[in-house]
$ cat model-v1.cif   # mmCIF, C-alpha atoms and all ligand atoms
data_work
loop_
_atom_site.label_atom_id
_atom_site.label_comp_id
_atom_site.auth_asym_id
_atom_site.auth_seq_id
_atom_site.Cartn_x
_atom_site.Cartn_y
_atom_site.Cartn_z
CA MET A 23 4.92 -13.98 -14.35
CA SER A 24 5.25 -12.31 -10.97
CA ARG A 25 9.02 -12.19 -11.48
CA TRP A 26 8.52 -10.34 -14.75
CA SER A 27 6.06 -7.90 -13.26
CA GLY A 28 8.61 -7.32 -10.49
CA TRP A 29 11.20 -6.48 -13.12
CA ALA A 30 8.75 -4.22 -14.96
CA LEU A 31 7.96 -2.37 -11.74
CA GLY A 32 11.68 -1.98 -11.07
CA ALA A 33 12.23 -0.67 -14.60
CA VAL A 34 9.44 1.91 -14.32
CA ILE A 35 10.71 3.12 -10.97
CA ALA A 36 14.29 3.28 -12.28
CA ALA A 37 13.08 5.26 -15.32
CA ALA A 38 11.15 7.60 -13.05
CA ALA A 39 14.26 8.07 -10.91
CA VAL A 40 16.35 8.90 -14.00
CA LEU A 41 13.65 11.33 -15.16
CA ALA A 42 13.65 12.96 -11.73
CA ALA A 43 17.44 13.31 -11.75
CA LEU A 44 17.53 14.70 -15.31
CA GLY A 45 14.67 17.07 -14.57
CA TRP A 46 16.38 18.28 -11.44
CA VAL A 47 19.72 18.87 -13.20
CA SER A 48 18.19 20.70 -16.16
CA LEU A 49 16.05 22.87 -13.92
CA ARG A 50 19.17 23.80 -11.94
CA GLN A 51 21.00 24.61 -15.18
CA TRP A 52 18.11 26.67 -16.42
CA GLU A 53 18.03 28.61 -13.18
CA ARG A 54 21.79 29.18 -13.30
CA SER A 55 21.83 30.37 -16.90
CA ALA A 56 18.90 32.68 -16.23
CA GLN A 57 20.90 34.20 -13.37
CA LEU A 58 23.88 34.52 -15.66
CA VAL A 59 21.81 36.43 -18.21
CA VAL A 60 20.56 38.81 -15.53
CA ARG A 61 24.13 39.43 -14.33
CA GLU A 62 25.36 39.99 -17.86
CA GLN A 63 22.62 42.50 -18.53
CA ALA A 64 23.50 44.31 -15.31
CA ARG A 65 27.17 44.38 -16.35
CA ASP A 66 26.27 45.89 -19.74
CA MET A 67 24.10 48.46 -18.05
CA ALA A 68 26.89 49.35 -15.62
CA ALA A 69 29.34 49.77 -18.53
CA MET A 70 26.89 52.04 -20.33
CA ALA A 71 26.33 54.05 -17.18
CA ALA A 72 30.09 54.39 -16.75
CA GLU A 73 30.39 55.89 -20.24
CA LYS A 74 27.61 58.38 -19.56
CA ILE A 75 29.18 59.41 -16.28
CA GLU A 76 32.54 59.92 -17.94
CA MET A 77 30.82 62.25 -20.39
CA VAL A 78 29.18 64.20 -17.57
CA LEU A 79 32.47 64.47 -15.69
CA ARG A 80 34.15 66.09 -18.73
CA ASP A 81 32.11 69.25 -18.12
CA VAL A 82 32.67 69.35 -14.37
CA PRO A 83 35.12 71.94 -13.04
CA ASP A 84 38.49 70.42 -12.20
CA ASP A 85 38.50 71.66 -8.61
CA VAL A 86 35.33 69.75 -7.74
CA ILE A 87 36.86 66.58 -9.08
CA ALA A 88 40.08 67.20 -7.23
CA ARG A 89 38.17 67.74 -4.00
CA LEU A 90 36.28 64.49 -4.46
CA ARG A 91 39.47 62.58 -5.09
CA ARG A 92 41.15 64.01 -2.06
CA ALA A 93 38.11 63.28 0.09
CA ALA A 94 38.22 59.63 -0.99
CA GLU A 95 41.77 59.42 0.41
CA ARG A 96 40.77 61.01 3.71
CA PRO A 97 37.47 59.50 4.75
CA GLU A 98 37.02 61.93 7.66
CA GLU A 99 36.62 64.78 5.17
CA LEU A 100 34.24 62.89 2.88
CA GLU A 101 31.09 63.90 4.74
CA SER A 102 31.75 67.62 4.51
CA VAL A 103 32.88 67.48 0.87
CA LEU A 104 29.79 65.53 -0.13
CA ALA A 105 27.64 68.11 1.66
CA GLU A 106 28.94 70.93 -0.58
CA PRO A 107 26.21 71.98 -3.03
CA ALA A 108 28.56 72.05 -6.02
CA VAL A 109 29.72 68.49 -5.35
CA ARG A 110 26.18 67.31 -4.68
CA GLU A 111 24.96 68.77 -7.90
CA VAL A 112 27.72 66.99 -9.85
CA LEU A 113 26.93 63.69 -8.19
CA GLU A 114 23.24 64.05 -8.86
CA ARG A 115 23.96 64.83 -12.48
CA THR A 116 26.20 61.79 -12.88
CA LEU A 117 23.76 59.30 -11.51
CA GLY A 118 20.70 61.09 -12.83
CA GLY A 119 21.30 59.69 -16.30
CA VAL A 120 21.40 56.09 -15.15
CA GLU A 121 18.11 54.44 -15.74
CA ALA A 122 17.52 51.10 -14.19
CA THR A 123 15.19 49.27 -11.90
CA SER A 124 18.29 48.76 -9.80
CA ILE A 125 19.97 51.37 -7.57
CA ALA A 126 23.03 53.07 -9.05
CA ALA A 127 25.86 54.01 -6.69
CA LEU A 128 29.26 55.64 -7.05
CA LEU A 129 32.13 53.76 -5.39
CA ASP A 130 35.44 55.32 -4.46
CA PRO A 131 38.73 53.46 -5.25
CA ALA A 132 38.40 51.59 -1.95
CA ASP A 133 35.02 50.27 -3.15
CA ARG A 134 33.10 52.27 -0.57
CA PRO A 135 29.74 53.56 -1.81
CA VAL A 136 30.17 57.32 -1.77
CA TYR A 137 26.89 58.31 -3.17
CA ALA A 138 23.66 56.50 -4.10
CA ARG A 139 20.34 57.77 -5.28
CA GLU A 140 18.54 55.71 -2.67
CA PRO A 141 19.71 54.26 0.62
CA LEU A 142 21.47 50.97 -0.12
CA GLY A 143 20.61 49.13 3.07
CA ALA A 144 21.23 45.43 2.54
CA ALA A 145 20.88 45.65 -1.24
CA GLU A 146 22.88 43.11 -3.20
CA ARG A 147 25.50 44.31 -5.71
CA LEU A 148 24.75 43.04 -9.20
CA ALA A 149 27.56 44.45 -11.30
CA SER A 150 30.05 47.29 -11.42
CA ALA A 151 32.11 49.11 -14.06
CA ARG A 152 35.32 51.04 -13.59
CA LEU A 153 35.47 54.71 -14.64
CA ARG A 154 38.52 55.57 -16.72
CA ALA A 155 38.31 59.29 -17.30
CA GLY A 156 37.31 61.94 -14.75
CA LEU A 157 37.49 59.90 -11.56
CA PRO A 158 39.84 57.07 -12.50
CA ASP A 159 39.56 53.93 -10.35
CA TRP A 160 36.15 54.99 -9.08
CA LYS A 161 33.33 52.69 -10.00
CA ILE A 162 29.70 52.81 -10.86
CA ALA A 163 27.80 49.89 -9.31
CA LEU A 164 24.27 48.62 -9.75
CA TYR A 165 22.53 47.29 -6.67
CA GLN A 166 19.51 45.09 -6.37
CA PRO A 167 17.02 46.66 -3.97
CA GLU A 168 16.39 44.50 -0.94
CA GLY A 169 13.42 42.18 -1.29
CA VAL A 170 13.21 42.51 -5.05
CA SER A 171 14.87 39.64 -6.82
CA PRO A 172 15.62 39.64 -10.52
CA TYR A 173 15.51 35.86 -10.26
CA GLY A 174 12.04 35.85 -8.75
CA ALA A 175 10.23 35.06 -11.98
CA VAL A 176 12.77 32.38 -12.87
CA ARG A 177 12.57 30.89 -9.43
CA ARG A 178 8.79 30.81 -9.59
CA GLN A 179 8.91 28.99 -12.89
CA VAL A 180 11.48 26.56 -11.63
CA MET A 181 9.27 25.88 -8.62
CA LEU A 182 6.26 25.34 -10.86
CA PHE A 183 8.13 22.89 -13.05
CA SER A 184 9.57 21.10 -10.04
CA CYS A 185 6.09 20.64 -8.60
CA ALA A 186 4.70 19.41 -11.93
CA LEU A 187 7.63 17.00 -12.25
CA GLY A 188 7.09 15.82 -8.69
CA VAL A 189 3.39 15.19 -9.23
CA LEU A 190 4.15 13.35 -12.47
CA LEU A 191 6.68 11.13 -10.74
CA VAL A 192 4.36 10.38 -7.83
CA VAL A 193 1.59 9.43 -10.29
CA ILE A 194 3.94 7.19 -12.28
CA VAL A 195 5.33 5.41 -9.24
CA ALA A 196 1.97 5.07 -7.43
CA GLY A 197 0.31 3.85 -10.64
CA SER A 198 2.98 1.23 -11.23
CA VAL A 199 2.90 0.02 -7.65
CA ILE A 200 -0.89 -0.31 -7.70
CA THR A 201 -0.82 -2.10 -11.06
CA TYR A 202 1.90 -4.40 -9.77
CA ARG A 203 -0.09 -5.30 -6.68
CA LEU A 204 -3.24 -5.90 -8.69
CA MET A 205 -1.31 -8.18 -11.00
CA ARG A 206 0.22 -10.04 -8.08
CA ARG A 207 -3.23 -10.57 -6.58
CA GLU A 208 -4.67 -11.63 -9.91
CA SER A 209 -1.94 -14.22 -10.50
CA GLU A 210 -2.30 -15.46 -6.92
CA ILE A 211 -6.04 -16.03 -7.47
CA THR A 212 -5.30 -17.78 -10.75
CA ARG A 213 -2.87 -20.10 -9.01
CA LEU A 214 -5.32 -20.78 -6.18
CA LYS A 215 -8.05 -21.56 -8.69
CA ALA A 216 -5.82 -24.06 -10.49
CA ASP A 217 -5.06 -25.71 -7.14
CA PHE A 218 -8.76 -25.69 -6.34
CA VAL A 219 -9.65 -27.62 -9.47
CA ALA A 220 -6.89 -30.16 -8.87
CA ASN A 221 -7.86 -30.58 -5.21
CA VAL A 222 -11.58 -30.95 -5.87
CA SER A 223 -10.98 -33.51 -8.60
CA HIS A 224 -8.76 -35.50 -6.31
CA ASP A 225 -11.29 -35.28 -3.47
CA LEU A 226 -14.02 -36.61 -5.74
CA LYS A 227 -11.91 -39.42 -7.08
CA THR A 228 -11.17 -41.10 -3.75
CA PRO A 229 -14.76 -41.97 -2.71
CA LEU A 230 -15.62 -42.80 -6.33
CA SER A 231 -12.90 -45.40 -6.63
CA VAL A 232 -13.92 -46.95 -3.30
CA ILE A 233 -17.54 -47.15 -4.45
CA ARG A 234 -16.50 -48.68 -7.72
CA MET A 235 -14.25 -51.26 -6.12
CA TYR A 236 -16.89 -52.45 -3.64
CA GLY A 237 -19.61 -52.33 -6.28
CA GLU A 238 -17.58 -54.50 -8.67
CA THR A 239 -16.74 -56.95 -5.91
CA LEU A 240 -20.42 -57.33 -5.04
CA GLU A 241 -21.38 -57.59 -8.69
CA MET A 242 -19.05 -60.50 -9.26
CA GLY A 243 -20.89 -62.36 -6.51
CA ARG A 244 -17.67 -63.16 -4.72
CA VAL A 245 -19.03 -62.23 -1.29
CA SER A 246 -21.01 -65.11 0.08
CA ASP A 247 -21.16 -63.98 3.70
CA ALA A 248 -24.29 -61.86 4.30
CA ALA A 249 -22.72 -59.78 7.08
CA GLN A 250 -19.74 -59.02 4.87
CA ARG A 251 -22.06 -58.03 2.07
CA ASP A 252 -23.93 -55.64 4.36
CA ALA A 253 -20.63 -54.08 5.41
CA TYR A 254 -19.82 -53.47 1.74
CA TYR A 255 -23.19 -51.87 1.14
CA ARG A 256 -22.60 -49.58 4.11
CA VAL A 257 -19.25 -48.51 2.72
CA ILE A 258 -20.87 -47.68 -0.58
CA THR A 259 -23.60 -45.65 1.12
CA ARG A 260 -21.09 -43.86 3.34
CA GLU A 261 -18.80 -42.98 0.47
CA SER A 262 -21.66 -41.72 -1.69
CA GLU A 263 -22.77 -39.52 1.20
CA ARG A 264 -19.28 -38.14 1.41
CA LEU A 265 -19.34 -37.52 -2.31
CA SER A 266 -22.63 -35.65 -1.95
CA ARG A 267 -21.17 -33.51 0.82
CA LEU A 268 -18.17 -32.59 -1.28
CA ILE A 269 -20.33 -31.72 -4.26
CA ASP A 270 -22.76 -29.74 -2.08
CA ASN A 271 -19.85 -27.77 -0.71
CA VAL A 272 -18.59 -26.87 -4.17
CA LEU A 273 -22.07 -26.10 -5.50
CA ASP A 274 -22.88 -23.91 -2.49
CA PHE A 275 -19.60 -22.17 -2.84
CA SER A 276 -20.34 -21.41 -6.47
CA ARG A 277 -23.81 -20.13 -5.45
CA ILE A 278 -22.20 -17.86 -2.89
CA GLU A 279 -19.74 -16.60 -5.50
CA GLY A 280 -22.60 -15.91 -7.89
CA GLY A 281 -24.63 -14.23 -5.15
CA ARG A 282 -27.34 -16.86 -5.57
CA ARG A 283 -27.09 -18.61 -2.20
CA THR A 284 -30.28 -18.17 -0.18
CA TYR A 285 -31.07 -19.36 3.31
CA GLU A 286 -34.44 -20.51 4.57
CA ARG A 287 -34.55 -19.79 8.25
CA ALA A 288 -37.06 -21.46 10.50
CA LEU A 289 -37.22 -22.20 14.22
CA SER A 290 -35.25 -25.42 14.62
CA ALA A 291 -33.96 -27.56 17.44
CA VAL A 292 -30.19 -27.51 17.90
CA GLU A 293 -29.54 -31.04 19.15
CA PRO A 294 -30.56 -32.86 15.92
CA VAL A 295 -28.39 -30.55 13.86
CA VAL A 296 -25.34 -31.44 15.94
CA ARG A 297 -26.16 -35.14 15.95
CA GLU A 298 -26.81 -35.31 12.21
CA SER A 299 -23.64 -33.41 11.42
CA LEU A 300 -21.56 -35.85 13.45
CA GLU A 301 -23.21 -39.03 12.25
CA PRO A 302 -21.52 -39.37 8.86
CA PHE A 303 -18.13 -39.12 10.56
CA ALA A 304 -18.83 -41.85 13.14
CA TRP A 305 -17.09 -44.62 11.24
CA GLN A 306 -14.11 -42.42 10.37
CA LEU A 307 -13.78 -41.30 14.01
CA ALA A 308 -13.94 -44.86 15.28
CA GLN A 309 -11.38 -46.01 12.72
CA GLY A 310 -8.98 -43.23 13.65
CA GLY A 311 -9.32 -43.99 17.36
CA PHE A 312 -10.65 -40.55 18.20
CA ALA A 313 -11.81 -39.63 21.67
CA VAL A 314 -15.10 -37.94 20.87
CA ASP A 315 -16.75 -35.63 23.33
CA VAL A 316 -20.18 -34.19 22.50
CA ASP A 317 -21.80 -31.79 24.91
CA VAL A 318 -25.11 -30.24 23.94
CA ALA A 319 -26.46 -28.13 26.80
CA PRO A 320 -29.90 -29.31 27.99
CA ASN A 321 -32.96 -27.15 27.41
CA LEU A 322 -31.46 -25.25 24.50
CA PRO A 323 -34.06 -22.96 22.92
CA ASP A 324 -35.02 -23.44 19.32
CA VAL A 325 -33.09 -21.14 17.06
CA ARG A 326 -34.18 -19.41 13.86
CA MET A 327 -31.79 -20.84 11.33
CA ASP A 328 -31.38 -22.67 8.08
CA ALA A 329 -30.76 -26.02 9.75
CA ALA A 330 -29.28 -27.61 6.62
CA ALA A 331 -26.84 -24.76 6.11
CA VAL A 332 -25.77 -24.69 9.76
CA GLY A 333 -25.38 -28.48 9.66
CA GLN A 334 -23.21 -28.15 6.57
CA ALA A 335 -21.07 -25.51 8.28
CA LEU A 336 -20.70 -27.74 11.34
CA SER A 337 -19.77 -30.70 9.09
CA ASN A 338 -17.06 -28.58 7.54
CA LEU A 339 -15.62 -27.71 10.95
CA ILE A 340 -15.75 -31.37 12.04
CA ASP A 341 -14.19 -32.48 8.77
CA ASN A 342 -11.32 -30.03 9.33
CA ALA A 343 -10.88 -31.12 12.96
CA ILE A 344 -10.45 -34.71 11.78
CA LYS A 345 -8.40 -33.87 8.71
CA TYR A 346 -5.93 -31.65 10.58
CA SER A 347 -5.83 -33.73 13.76
CA GLY A 348 -2.21 -34.85 13.49
CA ASP A 349 -1.41 -37.11 16.44
CA GLY A 350 -3.91 -35.51 18.82
CA LYS A 351 -6.89 -37.76 18.21
CA ARG A 352 -9.54 -35.81 20.06
CA LEU A 353 -12.74 -34.16 18.91
CA GLU A 354 -15.01 -32.09 21.05
CA VAL A 355 -18.30 -30.62 19.87
CA THR A 356 -20.28 -28.39 22.20
CA ALA A 357 -23.49 -26.39 21.92
CA ALA A 358 -24.49 -23.80 24.49
CA VAL A 359 -26.18 -20.42 24.73
CA THR A 360 -24.01 -17.66 26.18
CA ASP A 361 -24.70 -13.92 26.08
CA GLY A 362 -27.84 -14.38 24.02
CA ALA A 363 -26.11 -16.34 21.27
CA LEU A 364 -25.81 -19.98 20.37
CA HIS A 365 -22.18 -21.10 20.44
CA LEU A 366 -21.41 -24.20 18.40
CA ALA A 367 -17.78 -25.06 19.07
CA VAL A 368 -15.60 -27.68 17.44
CA THR A 369 -12.31 -28.33 19.23
CA ASP A 370 -9.39 -30.53 18.26
CA ASP A 371 -5.89 -31.30 19.53
CA GLY A 372 -4.48 -31.20 16.03
CA ILE A 373 -1.74 -29.36 14.18
CA GLY A 374 -3.17 -25.92 14.93
CA ILE A 375 -2.91 -22.73 12.91
CA PRO A 376 -0.18 -20.08 13.21
CA ALA A 377 -1.56 -16.79 14.54
CA GLY A 378 -0.69 -14.96 11.31
CA GLU A 379 -3.09 -17.16 9.32
CA HIS A 380 -6.19 -16.79 11.48
CA THR A 381 -7.91 -14.37 9.12
CA ARG A 382 -6.62 -15.71 5.82
CA ILE A 383 -7.94 -19.25 6.33
CA PHE A 384 -11.47 -17.89 5.87
CA GLU A 385 -10.63 -16.57 2.40
CA LYS A 386 -11.77 -18.67 -0.51
CA PHE A 387 -9.21 -21.19 -1.82
CA TYR A 388 -6.76 -20.29 0.91
CA ARG A 389 -4.97 -23.18 2.60
CA VAL A 390 -2.19 -22.94 5.15
CA GLY A 391 1.23 -23.52 3.59
CA HIS A 392 2.07 -27.17 3.93
CA SER A 393 -1.29 -28.88 4.35
CA GLU A 394 -0.83 -30.12 0.81
CA THR A 395 2.61 -31.59 1.25
CA GLN A 396 1.39 -33.26 4.44
CA GLY A 397 -1.01 -35.24 2.29
CA ARG A 398 -4.20 -33.52 3.35
CA ARG A 399 -6.28 -32.65 0.37
CA GLY A 400 -8.97 -30.00 0.41
CA SER A 401 -10.61 -27.41 -1.77
CA GLY A 402 -9.96 -24.48 0.55
CA VAL A 403 -13.56 -23.27 0.37
CA GLY A 404 -14.87 -24.95 3.54
CA LEU A 405 -14.20 -22.11 5.95
CA ALA A 406 -15.31 -19.48 3.41
CA LEU A 407 -18.62 -21.31 3.36
CA VAL A 408 -18.80 -21.50 7.17
CA ARG A 409 -18.20 -17.78 7.40
CA HIS A 410 -20.90 -17.06 4.84
CA VAL A 411 -23.43 -19.16 6.74
CA ALA A 412 -22.51 -17.42 10.01
CA GLN A 413 -22.83 -13.95 8.51
CA ALA A 414 -26.09 -14.77 6.75
CA HIS A 415 -27.49 -15.60 10.19
CA GLY A 416 -26.22 -12.34 11.65
CA GLY A 417 -23.52 -14.23 13.50
CA ARG A 418 -19.82 -14.89 13.14
CA VAL A 419 -17.21 -17.61 13.28
CA THR A 420 -14.16 -17.30 15.49
CA VAL A 421 -10.96 -19.30 15.78
CA GLU A 422 -8.65 -19.86 18.73
CA SER A 423 -5.57 -21.78 17.78
CA ARG A 424 -1.85 -22.05 18.14
CA SER A 425 0.51 -23.89 15.86
CA GLY A 426 0.89 -27.41 17.26
CA HIS A 427 -1.64 -26.90 20.04
CA GLY A 428 -4.98 -27.68 18.46
CA SER A 429 -7.79 -25.40 17.37
CA ARG A 430 -11.24 -24.34 18.42
CA PHE A 431 -13.67 -22.97 15.84
CA THR A 432 -16.85 -21.43 17.21
CA LEU A 433 -19.94 -20.70 15.18
CA VAL A 434 -21.83 -17.94 16.98
CA LEU A 435 -25.50 -17.51 16.01
CA PRO A 436 -27.77 -14.95 17.66
CA VAL A 437 -30.83 -16.27 19.50
CA GLU A 438 -33.93 -14.12 19.41
N1 LIG A 501 -9.03 -27.56 12.67
C1 LIG A 501 -7.99 -27.10 11.95
N2 LIG A 501 -6.72 -27.34 12.36
C2 LIG A 501 -5.68 -26.88 11.64
N3 LIG A 501 -5.80 -26.17 10.49
C3 LIG A 501 -7.02 -25.91 10.03
C4 LIG A 501 -8.19 -26.37 10.73
N4 LIG A 501 -9.28 -25.94 10.03
C5 LIG A 501 -8.81 -25.28 8.95
N5 LIG A 501 -7.46 -25.25 8.92
C6 LIG A 501 -6.61 -24.62 7.92
O1 LIG A 501 -7.40 -23.71 7.21
C7 LIG A 501 -7.37 -24.01 5.81
C8 LIG A 501 -8.71 -23.68 5.19
O2 LIG A 501 -9.69 -24.58 5.61
P1 LIG A 501 -10.87 -24.95 4.64
O3 LIG A 501 -11.43 -23.66 4.13
O4 LIG A 501 -11.81 -25.88 5.34
O5 LIG A 501 -10.14 -25.64 3.42
P2 LIG A 501 -9.67 -27.17 3.25
O6 LIG A 501 -10.08 -27.92 4.50
O7 LIG A 501 -10.38 -27.63 2.05
O8 LIG A 501 -8.20 -27.09 3.08
C9 LIG A 501 -7.00 -25.44 5.74
O9 LIG A 501 -6.33 -25.74 4.52
C10 LIG A 501 -6.07 -25.63 6.93
O10 LIG A 501 -4.77 -25.22 6.55
MG MG A 502 -12.13 -27.96 5.07
#
$ encode --input "model-v1.cif" --output "C-alpha cells" --more "lines below"
Ligand SMILES: Nc1ncnc2c1ncn2[C@@H]1O[C@H](COP(=O)(O)OP(=O)(O)O)[C@@H](O)[C@H]1O
Ligand SMILES: [Mg+2]
Amino acid sequence: MSRWSGWALGAVIAAAAVLAALGWVSLRQWERSAQLVVREQARDMAAMAAEKIEMVLRDVPDDVIARLRRAAERPEELESVLAEPAVREVLERTLGGVEATSIAALLDPADRPVYAREPLGAAERLASARLRAGLPDWKIALYQPEGVSPYGAVRRQVMLFSCALGVLLVVIVAGSVITYRLMRRESEITRLKADFVANVSHDLKTPLSVIRMYGETLEMGRVSDAAQRDAYYRVITRESERLSRLIDNVLDFSRIEGGRRTYERALSAVEPVVRESLEPFAWQLAQGGFAVDVDVAPNLPDVRMDAAAVGQALSNLIDNAIKYSGDGKRLEVTAAVTDGALHLAVTDDGIGIPAGEHTRIFEKFYRVGHSETQGRRGSGVGLALVRHVAQAHGGRVTVESRSGHGSRFTLVLPVE
C-alpha cells in the first residue's frame, strides 16, 4: 500500500515536471514567435518607407543628391553638407512621411546614421530597407526608442503565465506530498492497531491459560497437600489480578481515546500508593532474582491526586522495568519531593531505549523496533496512559535512558 502510494507520488511529480518543461518550452516559443512577428512588421514598414522616400527623392534636384553622396564618401564634409538648408529640407521631407512609433533614420552606404528625426541614443535597430533609386545603397532604418520595448506586452504575458504555471505546479506537488504523508500515517496507524489487537489478545491469553490449568488441577482433586493447594490458589488470584490490570489498562486507554477518562483527585498519602503498586509484582520479582530497592522519603506530604490512576501509572512503569530488564536484574523505585514536586522514579538496568525513540515511546501503540522479536509482548499503550495521568495532574513524565544501559522513568506531580 505504501509502496503504491510512493509510486503514485512519483508519478504525479513526474507529470508535474513534464508539464513544467512543456509549459516552459511553449512559453519560450510563444515569446520567440511574437518577437518574430514584431520584426517582420518592422521590416514591412521599413520597405514601405523606402518606397515613399524613393518617390520623394525623384523630385529632389540632382545637385543636392550628388552633394549628399559625395559627403557620405568624405565624412569630414558630412556635417557642413547636412547643415545646408536645401539638404536639410530634403531630409526632413524624406523622413517626414514615415509614420511609426519607432524612430526612422537614414543610413549612408557605410551604415552610419546620417539623419534621424530624433536622437538615436542607445536605441535598438529593428529593421532596415535598402533604397534603390535616388540614393542607391543608402538605407532607411527603424529604431526602437530606448526603454520602450515592442516585446513588453508579450513579456508581461509570458511572465504572468509562468507565474500561474509555477503556482499550479507548487500546488500539485505540495498537495501530493501532503496526501502521501497523510496516507503513510494512516496506514502506519492501521498497522499499529492490528498489532495492538494481536498483542492484547496474546497478553490476555497467558494468564487465562494459567488460571484454567490450576483451576482444572484443583477441580480434579489431585492435590492432596494443603500447602500445595494454597499455592495454587495464590497463583490463580495473582493471575486474575494481572488479567484485571491488563483489562483496566485497555479500558482506560479507550476512555482516554474517547475523551471520557476522568480523574478524582483527593489528598492521599504517597507511601501506600508505591507499596500497593509494587505488591502484585513481588512474586515475579522474586522469581526473576531481581535486586529490588525501594526508597520512599520519610515525611512526604500528602498529595492531591487520583491515587488509583497514579498507582496504575506506576504499575505500568514497574511492569516495563521488569519486562525490558534483559540481564540487568535490578529495580529501583523512589519517591521524593524536589523543587515543589513529587518525583516517583522507576529505574532499571535493562535493555534501555535509543535516544531517538525517547519521545515516540509515549505515543499510543508505539513499541521500539525489536521488542516483539525479543519475545516481549505488550500493547504499546502503557506509556501513553502514564503520560495522560501525569498531564491530568499538571505534571509530566520524563525518561533518561541509553540503549543497553538501563532506563529511569520519572513521574513528576506538582505538590500544592
Ligand atoms: N524500562 C524500559 N526499558 C526499555 N524499553 C522500554 C522501557 N519502558 C518502555 N520501553 C519501550 O517503550 C515501548 C512502549 O512502552 P509501553 O507504552 O509500556 O508499551 P508496551 O510495554 O506494551 O510495549 C515499549 O515497547 C518498549 O520498547
Ligand atoms: Mg508497558
$ closest_atom_pairs --input "model-v1.cif" --of "segment 27-120 of chain A" --to "segment 180-186 of chain A" --cutoff "8 Å" --atoms "all atoms listed in the file" --output "tab-separated table"
residue	atom	partner	partner_atom	distance
A:Gly45	CA	A:Ser184	CA	7.9
A:Trp46	CA	A:Ser184	CA	7.5
A:Leu49	CA	A:Val180	CA	6.3
A:Glu53	CA	A:Val180	CA	7.0
$ residues_near_point --input "model-v1.cif" --point "(-17.3, -32.9, 18.6)" --cutoff "7 Å" --atoms "only C-alpha atoms" --output "PDB file with C-alpha atoms, keeping the file's coordinate frame"
ATOM      1  CA  VAL A 314     -15.100 -37.940  20.870  1.00  0.00           C
ATOM      2  CA  ASP A 315     -16.750 -35.630  23.330  1.00  0.00           C
ATOM      3  CA  VAL A 316     -20.180 -34.190  22.500  1.00  0.00           C
ATOM      4  CA  ILE A 340     -15.750 -31.370  12.040  1.00  0.00           C
ATOM      5  CA  LEU A 353     -12.740 -34.160  18.910  1.00  0.00           C
ATOM      6  CA  GLU A 354     -15.010 -32.090  21.050  1.00  0.00           C
ATOM      7  CA  VAL A 355     -18.300 -30.620  19.870  1.00  0.00           C
ATOM      8  CA  THR A 356     -20.280 -28.390  22.200  1.00  0.00           C
ATOM      9  CA  VAL A 368     -15.600 -27.680  17.440  1.00  0.00           C
ATOM     10  CA  THR A 369     -12.310 -28.330  19.230  1.00  0.00           C
TER      11      THR A 369
END
$ closest_atom_pairs --input "model-v1.cif" --of "chain A" --to "ligand MG 502 (chain A)" --cutoff "10 Å" --atoms "only C-alpha atoms and all ligand atoms" --output "JSON lines"
{"residue": "A:Leu268", "atom": "CA", "partner": "A:MG502", "partner_atom": "MG", "distance": 9.9}
{"residue": "A:Asn271", "atom": "CA", "partner": "A:MG502", "partner_atom": "MG", "distance": 9.6}
{"residue": "A:Ala335", "atom": "CA", "partner": "A:MG502", "partner_atom": "MG", "distance": 9.8}
{"residue": "A:Ser337", "atom": "CA", "partner": "A:MG502", "partner_atom": "MG", "distance": 9.1}
{"residue": "A:Asn338", "atom": "CA", "partner": "A:MG502", "partner_atom": "MG", "distance": 5.5}
{"residue": "A:Leu339", "atom": "CA", "partner": "A:MG502", "partner_atom": "MG", "distance": 6.8}
{"residue": "A:Ile340", "atom": "CA", "partner": "A:MG502", "partner_atom": "MG", "distance": 8.6}
{"residue": "A:Asp341", "atom": "CA", "partner": "A:MG502", "partner_atom": "MG", "distance": 6.2}
{"residue": "A:Asn342", "atom": "CA", "partner": "A:MG502", "partner_atom": "MG", "distance": 4.8}
{"residue": "A:Ala343", "atom": "CA", "partner": "A:MG502", "partner_atom": "MG", "distance": 8.6}
{"residue": "A:Ile344", "atom": "CA", "partner": "A:MG502", "partner_atom": "MG", "distance": 9.7}
{"residue": "A:Lys345", "atom": "CA", "partner": "A:MG502", "partner_atom": "MG", "distance": 7.9}
{"residue": "A:Tyr346", "atom": "CA", "partner": "A:MG502", "partner_atom": "MG", "distance": 9.1}
{"residue": "A:Ile383", "atom": "CA", "partner": "A:MG502", "partner_atom": "MG", "distance": 9.7}
{"residue": "A:Arg389", "atom": "CA", "partner": "A:MG502", "partner_atom": "MG", "distance": 9.0}
{"residue": "A:Arg398", "atom": "CA", "partner": "A:MG502", "partner_atom": "MG", "distance": 9.8}
{"residue": "A:Arg399", "atom": "CA", "partner": "A:MG502", "partner_atom": "MG", "distance": 8.8}
{"residue": "A:Gly400", "atom": "CA", "partner": "A:MG502", "partner_atom": "MG", "distance": 6.0}
{"residue": "A:Ser401", "atom": "CA", "partner": "A:MG502", "partner_atom": "MG", "distance": 7.0}
{"residue": "A:Gly402", "atom": "CA", "partner": "A:MG502", "partner_atom": "MG", "distance": 6.1}
{"residue": "A:Val403", "atom": "CA", "partner": "A:MG502", "partner_atom": "MG", "distance": 6.8}
{"residue": "A:Gly404", "atom": "CA", "partner": "A:MG502", "partner_atom": "MG", "distance": 4.3}
{"residue": "A:Leu405", "atom": "CA", "partner": "A:MG502", "partner_atom": "MG", "distance": 6.3}
{"residue": "A:Ala406", "atom": "CA", "partner": "A:MG502", "partner_atom": "MG", "distance": 9.2}
{"residue": "A:Leu407", "atom": "CA", "partner": "A:MG502", "partner_atom": "MG", "distance": 9.4}
{"residue": "A:Val408", "atom": "CA", "partner": "A:MG502", "partner_atom": "MG", "distance": 9.5}
$ axis_aligned_box --input "model-v1.cif" --around "ligand LIG 501 (chain A)" --padding-each-side "6 Å" --output "AutoDock Vina command-line options"
--center_x -8.3 --center_y -25.8 --center_z 7.4 --size_x 19.0 --size_y 16.3 --size_z 22.6
$ residues_around --input "model-v1.cif" --residues "Leu433 of chain A" --least-positions-apart "2" --cutoff "7 Å" --atoms "all atoms listed in the file" --output "list in words"
His365, Leu366, Ala367, Ala412, Arg418, Val419, Thr420, Phe431 and Leu435 of chain A
$ atom_distance --input "model-v1.cif" --atom1 "atom CA of Gln309 of chain A" --atom2 "atom CA of Arg251 of chain A"
19.3 Å
$ closest_residue --input "model-v1.cif" --among "A:Ile211, A:Ala144, A:Ser198, A:Arg382" --to "Trp29 of chain A" --atoms "all atoms listed in the file"
A:Ser198
